[in-house]
Amino acid sequence: MPVIGFLGGDSPDLWANYVRAFHQGLRETGYVEGRNVAIEYRWAEGRNDRLPVLLPGLRKSREETLIVIPTALNAVQRNQIISSAARGGLPAIYAFRFYATDGGLMSYGIDTVDLFRRSASYVDRILKGEKPADLPVQAPTKFEMVINLKTAKALGLDVPPTLLGRAQQRRRTHS
């Protein structure tokens, strides 16, 4: 049975809605926890010192992967997370580009550069007199996938051409 490692820097209570959404997405693709996929949850409870001890021991089979929940704590400790996953031979997907460019296997998430570019229009509107409370909420419209081919090779993974074709960036070396 495939195993998914789920690493969060905060507590499970803070991420309950997201975990439910993740389960829903799994069901939509044919996976049900406990029936045809297992999930190991690891929570740092906001403590930096717990992150290095949460990853070892996760790697039990070739079918295991890791999902890292994006938090400020994880971002600060990303190099430890990336190196722990690599030492354990654990393929991991992250929500932000900098994880993949720093040596993680891949990232898929919002294009943060685009969000900052778009935020300038809000600054313009505020400077022209609009009240921030009157501005509409904007959702991300641009997403990106980054695959670190050096990491894939080190993990012994063949990245399918269809996945490579979808990636906005395919890094051949660590930054």
# chains A, B, ... in the order shown; residues from 1 in each chain; ligands from 1
call {"tool": "residues_around", "arguments": {"residues": "Gly104 in chain A", "least_positions_apart": "2", "cutoff": "12 Å", "atoms": "only C-alpha atoms", "output": "ChimeraX atom specification"}}
result
/A:66-68,78-87,89-102,106-108,146-155,170-175
call {"tool": "write_last_selection", "arguments": {"atoms": "C-alpha atoms", "output": "PDB file, in the first residue's frame"}}
result
ATOM      1  CA  LEU A  66       6.043  13.286   1.262  1.00  0.00           C
ATOM      2  CA  ILE A  67       3.811  16.327   1.304  1.00  0.00           C
ATOM      3  CA  VAL A  68       5.108  19.343   3.210  1.00  0.00           C
ATOM      4  CA  ARG A  78      13.419  23.973   4.518  1.00  0.00           C
ATOM      5  CA  ASN A  79      17.055  22.962   4.069  1.00  0.00           C
ATOM      6  CA  GLN A  80      16.756  20.534   6.976  1.00  0.00           C
ATOM      7  CA  ILE A  81      13.510  19.163   5.571  1.00  0.00           C
ATOM      8  CA  ILE A  82      14.963  18.808   2.066  1.00  0.00           C
ATOM      9  CA  SER A  83      18.147  17.109   3.278  1.00  0.00           C
ATOM     10  CA  SER A  84      16.233  14.775   5.618  1.00  0.00           C
ATOM     11  CA  ALA A  85      13.937  13.735   2.783  1.00  0.00           C
ATOM     12  CA  ALA A  86      16.953  13.175   0.485  1.00  0.00           C
ATOM     13  CA  ARG A  87      18.828  11.108   3.107  1.00  0.00           C
ATOM     14  CA  GLY A  89      15.313   8.579  -0.277  1.00  0.00           C
ATOM     15  CA  LEU A  90      11.883  10.150   0.085  1.00  0.00           C
ATOM     16  CA  PRO A  91      10.319  11.875  -2.940  1.00  0.00           C
ATOM     17  CA  ALA A  92       8.667  15.085  -1.751  1.00  0.00           C
ATOM     18  CA  ILE A  93       6.448  17.727  -3.305  1.00  0.00           C
ATOM     19  CA  TYR A  94       6.359  21.232  -1.897  1.00  0.00           C
ATOM     20  CA  ALA A  95       4.043  24.201  -2.335  1.00  0.00           C
ATOM     21  CA  PHE A  96       6.680  26.795  -3.154  1.00  0.00           C
ATOM     22  CA  ARG A  97       9.334  27.070  -5.858  1.00  0.00           C
ATOM     23  CA  PHE A  98      12.193  27.755  -3.447  1.00  0.00           C
ATOM     24  CA  TYR A  99      11.937  24.221  -2.050  1.00  0.00           C
ATOM     25  CA  ALA A 100      12.655  22.701  -5.472  1.00  0.00           C
ATOM     26  CA  THR A 101      15.328  25.230  -6.353  1.00  0.00           C
ATOM     27  CA  ASP A 102      17.014  24.502  -3.012  1.00  0.00           C
ATOM     28  CA  MET A 106       9.413  19.260  -7.062  1.00  0.00           C
ATOM     29  CA  SER A 107       7.049  22.066  -6.235  1.00  0.00           C
ATOM     30  CA  TYR A 108       3.588  22.913  -7.420  1.00  0.00           C
ATOM     31  CA  VAL A 146       9.254  23.147 -10.826  1.00  0.00           C
ATOM     32  CA  ILE A 147      11.044  19.796 -11.083  1.00  0.00           C
ATOM     33  CA  ASN A 148      14.598  19.321  -9.852  1.00  0.00           C
ATOM     34  CA  LEU A 149      16.031  16.739 -12.252  1.00  0.00           C
ATOM     35  CA  LYS A 150      19.225  16.287 -10.255  1.00  0.00           C
ATOM     36  CA  THR A 151      17.184  15.322  -7.209  1.00  0.00           C
ATOM     37  CA  ALA A 152      14.976  13.016  -9.299  1.00  0.00           C
ATOM     38  CA  LYS A 153      18.093  11.272 -10.602  1.00  0.00           C
ATOM     39  CA  ALA A 154      19.564  10.990  -7.083  1.00  0.00           C
ATOM     40  CA  LEU A 155      16.312   9.363  -5.930  1.00  0.00           C
ATOM     41  CA  ARG A 170      13.298  21.858 -14.865  1.00  0.00           C
ATOM     42  CA  ARG A 171      16.379  22.416 -12.762  1.00  0.00           C
ATOM     43  CA  ARG A 172      19.382  20.261 -13.522  1.00  0.00           C
ATOM     44  CA  THR A 173      21.448  21.350 -10.514  1.00  0.00           C
ATOM     45  CA  HIS A 174      20.832  22.533  -6.988  1.00  0.00           C
ATOM     46  CA  SER A 175      20.975  26.283  -6.411  1.00  0.00           C
TER      47      SER A 175
END
call {"tool": "residues_around", "arguments": {"residues": "range 114-117 of chain A", "least_positions_apart": "2", "cutoff": "12 Å", "atoms": "only C-alpha atoms", "output": "ChimeraX atom specification"}}
result
/A:109-112,119-124,138-144
call {"tool": "write_last_selection", "arguments": {"atoms": "N, CA, C and O atoms", "output": "JSON list (two decimals), in the first residue's frame"}}
result
[["chain", "number", "residue", "atom", "x", "y", "z"],
["A", 109, "GLY", "N", 2.56, 25.04, -6.99],
["A", 109, "GLY", "CA", 1.79, 25.99, -6.19],
["A", 109, "GLY", "C", 1.63, 27.31, -6.90],
["A", 109, "GLY", "O", 1.94, 27.45, -8.08],
["A", 110, "ILE", "N", 1.17, 28.27, -6.13],
["A", 110, "ILE", "CA", 0.93, 29.60, -6.70],
["A", 110, "ILE", "C", 2.24, 30.23, -7.12],
["A", 110, "ILE", "O", 3.29, 29.96, -6.56],
["A", 111, "ASP", "N", 2.15, 31.05, -8.13],
["A", 111, "ASP", "CA", 3.31, 31.81, -8.60],
["A", 111, "ASP", "C", 3.39, 33.06, -7.73],
["A", 111, "ASP", "O", 2.66, 34.04, -7.95],
["A", 112, "THR", "N", 4.24, 33.03, -6.72],
["A", 112, "THR", "CA", 4.31, 34.14, -5.77],
["A", 112, "THR", "C", 4.84, 35.42, -6.41],
["A", 112, "THR", "O", 4.44, 36.51, -6.01],
["A", 119, "SER", "N", -0.14, 42.67, -6.70],
["A", 119, "SER", "CA", -0.40, 43.50, -5.51],
["A", 119, "SER", "C", -0.16, 44.98, -5.80],
["A", 119, "SER", "O", -0.74, 45.85, -5.14],
["A", 120, "ALA", "N", 0.66, 45.28, -6.79],
["A", 120, "ALA", "CA", 0.93, 46.68, -7.13],
["A", 120, "ALA", "C", -0.34, 47.40, -7.56],
["A", 120, "ALA", "O", -0.50, 48.61, -7.30],
["A", 121, "SER", "N", -1.27, 46.69, -8.19],
["A", 121, "SER", "CA", -2.52, 47.34, -8.59],
["A", 121, "SER", "C", -3.35, 47.73, -7.37],
["A", 121, "SER", "O", -4.06, 48.74, -7.39],
["A", 122, "TYR", "N", -3.26, 46.96, -6.31],
["A", 122, "TYR", "CA", -3.95, 47.32, -5.07],
["A", 122, "TYR", "C", -3.30, 48.56, -4.45],
["A", 122, "TYR", "O", -3.99, 49.46, -3.96],
["A", 123, "VAL", "N", -1.98, 48.61, -4.45],
["A", 123, "VAL", "CA", -1.28, 49.79, -3.93],
["A", 123, "VAL", "C", -1.71, 51.02, -4.72],
["A", 123, "VAL", "O", -2.03, 52.06, -4.14],
["A", 124, "ASP", "N", -1.78, 50.89, -6.03],
["A", 124, "ASP", "CA", -2.21, 52.00, -6.89],
["A", 124, "ASP", "C", -3.61, 52.47, -6.51],
["A", 124, "ASP", "O", -3.84, 53.67, -6.37],
["A", 138, "GLN", "N", -8.75, 38.92, -4.29],
["A", 138, "GLN", "CA", -8.32, 38.28, -5.54],
["A", 138, "GLN", "C", -7.70, 36.93, -5.22],
["A", 138, "GLN", "O", -6.92, 36.80, -4.28],
["A", 139, "ALA", "N", -8.06, 35.96, -6.01],
["A", 139, "ALA", "CA", -7.48, 34.62, -5.87],
["A", 139, "ALA", "C", -6.30, 34.49, -6.83],
["A", 139, "ALA", "O", -6.26, 35.16, -7.86],
["A", 140, "PRO", "N", -5.35, 33.63, -6.51],
["A", 140, "PRO", "CA", -4.25, 33.39, -7.45],
["A", 140, "PRO", "C", -4.79, 32.89, -8.79],
["A", 140, "PRO", "O", -5.77, 32.15, -8.83],
["A", 141, "THR", "N", -4.17, 33.33, -9.85],
["A", 141, "THR", "CA", -4.59, 32.90, -11.18],
["A", 141, "THR", "C", -3.47, 32.18, -11.92],
["A", 141, "THR", "O", -3.70, 31.60, -12.98],
["A", 142, "LYS", "N", -2.26, 32.25, -11.39],
["A", 142, "LYS", "CA", -1.12, 31.66, -12.06],
["A", 142, "LYS", "C", -0.43, 30.67, -11.11],
["A", 142, "LYS", "O", -0.14, 31.01, -9.96],
["A", 143, "PHE", "N", -0.21, 29.47, -11.59],
["A", 143, "PHE", "CA", 0.43, 28.42, -10.81],
["A", 143, "PHE", "C", 1.65, 27.92, -11.56],
["A", 143, "PHE", "O", 1.75, 28.08, -12.77],
["A", 144, "GLU", "N", 2.58, 27.33, -10.82],
["A", 144, "GLU", "CA", 3.80, 26.87, -11.46],
["A", 144, "GLU", "C", 4.26, 25.53, -10.88],
["A", 144, "GLU", "O", 4.00, 25.23, -9.72]]
call {"tool": "select_by_dssp", "arguments": {"residues": "chain A", "states": "helix (DSSP H, G or I)", "output": "VMD selection string"}}
result
chain A and resid 12 to 28 48 to 54 72 to 76 78 to 87 97 to 101 112 to 127 132 to 134 149 to 154 161 to 166
call {"tool": "atom_distance", "arguments": {"atom1": "CA of Met1 in chain A", "atom2": "CA of Gly34 in chain A"}}
result
9.0 Å
call {"tool": "closest_residue", "arguments": {"among": "A:Leu14, A:Met145, A:Ala75, A:Leu26", "to": "Trp43 in chain A", "atoms": "only C-alpha atoms"}}
result
A:Leu14
